[in-house]
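Structure first, then comments.
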Amino acid sequence: LAFAAALVLWRAPGDFWHYFYFSVETLATVGYGDMHPQTHFGHVVATTEMFVGLFTTAVLTGLIFYRFSRPRARFLFAARAVVTSHEGRRSLMLRVANERLNAIANPSARVWLATTVMTAEGQPFRRFTELPLLRAQSPLFVLSWTIIHGIDEASPLFGVDADGLSALQGSILVTIEGHDETSAQT
């Protein structure tokens, strides 16, 4: 590179545009060699093309990296939530499995019961009630996790059967958040 620069300086001393075009061609690593633009217009076109090409490549590389580097939740939930006895009391149990090939550190789960109720004005209103969990956090989520809500007198599910939940247009929403050890992202 130093030898090539010395040749350029020897050929056209004091020619600013020659130095500028040589710098652009060198920085862009286009490697013209013996084939290169012969006029100022040719150099301007080549310079513009190189800057646009480098900019486009940088932007596309960033967008593609962003698209593929985002973590995706890959959880498999059991087909049905179960109401059964757990440690002597009635409980709602949701089973979830981690489909990722890596562990999720410090996961936390939150569960909501969504119901449709009528307001005092007679309008339907979607209400979200968070269900307290027996264990809302875990040190590690590798294979599976059973999320358990104890149904006691304080639970919105207390005394509600499948027909009552259907009448309320009830649904259960679950969110799980944790730290992906592979990509170091939440």
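Going through the structure tokens in order, the chains are called A, B, and so on, while each chain numbers its residues from 1 and the ligands are numbered from 1 in the order shown.
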field: Residues of range 77-164 of chain A in strand (DSSP E or B), written as a PyMOL selection string
entry: chain A and resi 77+82-86+89-98+104-118+124-131+137+140-141+144-150
Every residue of range 23-175 of chain A that DSSP places in helix (DSSP H, G or I), as a ChimeraX atom specification: /A:23-27,40-69,162-167
Export of prior selection with C-alpha atoms as a CSV table (one decimal), in the first residue's frame:
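The result, stored in out_31.csv:
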```csv
chain,number,residue,atom,x,y,z
A,23,SER,CA,-8.2,7.3,-1.0
A,24,VAL,CA,-11.8,6.4,-1.7
A,25,GLU,CA,-10.8,3.5,-3.9
A,26,THR,CA,-8.3,2.3,-1.2
A,27,LEU,CA,-10.8,2.7,1.7
A,40,HIS,CA,-13.5,13.2,-12.9
A,41,PHE,CA,-17.1,12.2,-13.9
A,42,GLY,CA,-16.1,8.5,-13.8
A,43,HIS,CA,-14.5,9.0,-10.4
A,44,VAL,CA,-17.6,10.8,-9.1
A,45,VAL,CA,-19.8,8.0,-10.2
A,46,ALA,CA,-17.5,5.3,-8.7
A,47,THR,CA,-17.2,7.2,-5.5
A,48,THR,CA,-20.9,7.7,-5.2
A,49,GLU,CA,-21.5,4.0,-5.9
A,50,MET,CA,-18.9,3.0,-3.3
A,51,PHE,CA,-20.4,5.2,-0.6
A,52,VAL,CA,-24.0,4.1,-1.3
A,53,GLY,CA,-22.8,0.4,-1.5
A,54,LEU,CA,-21.0,0.6,1.8
A,55,PHE,CA,-23.9,2.4,3.5
A,56,THR,CA,-26.4,-0.1,2.1
A,57,THR,CA,-24.3,-3.0,3.2
A,58,ALA,CA,-23.9,-1.6,6.7
A,59,VAL,CA,-27.6,-0.9,7.1
A,60,LEU,CA,-28.7,-4.3,5.7
A,61,THR,CA,-26.2,-6.1,7.9
A,62,GLY,CA,-27.5,-4.2,11.0
A,63,LEU,CA,-31.2,-5.0,10.1
A,64,ILE,CA,-30.5,-8.6,9.5
A,65,PHE,CA,-28.5,-9.0,12.7
A,66,TYR,CA,-31.2,-7.2,14.7
A,67,ARG,CA,-33.9,-9.5,13.2
A,68,PHE,CA,-32.1,-12.7,14.0
A,69,SER,CA,-30.6,-11.7,17.3
A,162,ALA,CA,-66.1,-24.7,34.1
A,163,ASP,CA,-69.6,-23.5,33.3
A,164,GLY,CA,-69.3,-20.4,35.5
A,165,LEU,CA,-65.9,-19.5,33.9
A,166,SER,CA,-67.5,-19.9,30.5
A,167,ALA,CA,-70.4,-17.6,31.4
```
Hey, what's within 8 Å of Ala78 in chain A if we count only C-alpha atoms and toss same-chain stuff fewer than 6 positions away? As a PDB file with N, CA and C atoms, in the first residue's frame, please?
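Output below, filename out-v4.pdb:
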```
ATOM      1  N   LEU A  94     -50.816 -25.104  35.806  1.00  0.00           N
ATOM      2  CA  LEU A  94     -50.498 -24.902  34.391  1.00  0.00           C
ATOM      3  C   LEU A  94     -49.107 -25.466  34.156  1.00  0.00           C
ATOM      4  N   ARG A  95     -48.959 -26.309  33.170  1.00  0.00           N
ATOM      5  CA  ARG A  95     -47.654 -26.923  32.874  1.00  0.00           C
ATOM      6  C   ARG A  95     -47.088 -26.287  31.616  1.00  0.00           C
ATOM      7  N   VAL A  96     -45.814 -25.874  31.683  1.00  0.00           N
ATOM      8  CA  VAL A  96     -45.153 -25.248  30.546  1.00  0.00           C
ATOM      9  C   VAL A  96     -43.771 -25.878  30.389  1.00  0.00           C
TER      10      VAL A  96
END
```
message: I'd like the contact shell of Ser91 in chain A - 10 Å cut-off, only C-alpha atoms, skipping same-chain residues fewer than 2 positions apart - returned as a ChimeraX atom specification.
response: /A:82-89,93-94,133-134,147-152,157-158
- prompt: Within 7 Å of His179 in chain A, counting only C-alpha atoms, which residues qualify if same-chain residues fewer than 2 places away don't, as a PyMOL selection string?
  reply: chain A and resi 104-107+181+184-186
task: Using only C-alpha atoms, find the one residue out of A:Ser183, A:Thr115, A:Ser171, A:Gln38 that sits nearest to Ala81 in chain A.
output: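 Of A:Ser183, A:Thr115, A:Ser171, A:Gln38, the one nearest Ala81 in chain A, counting only C-alpha atoms, is A:Ser171.
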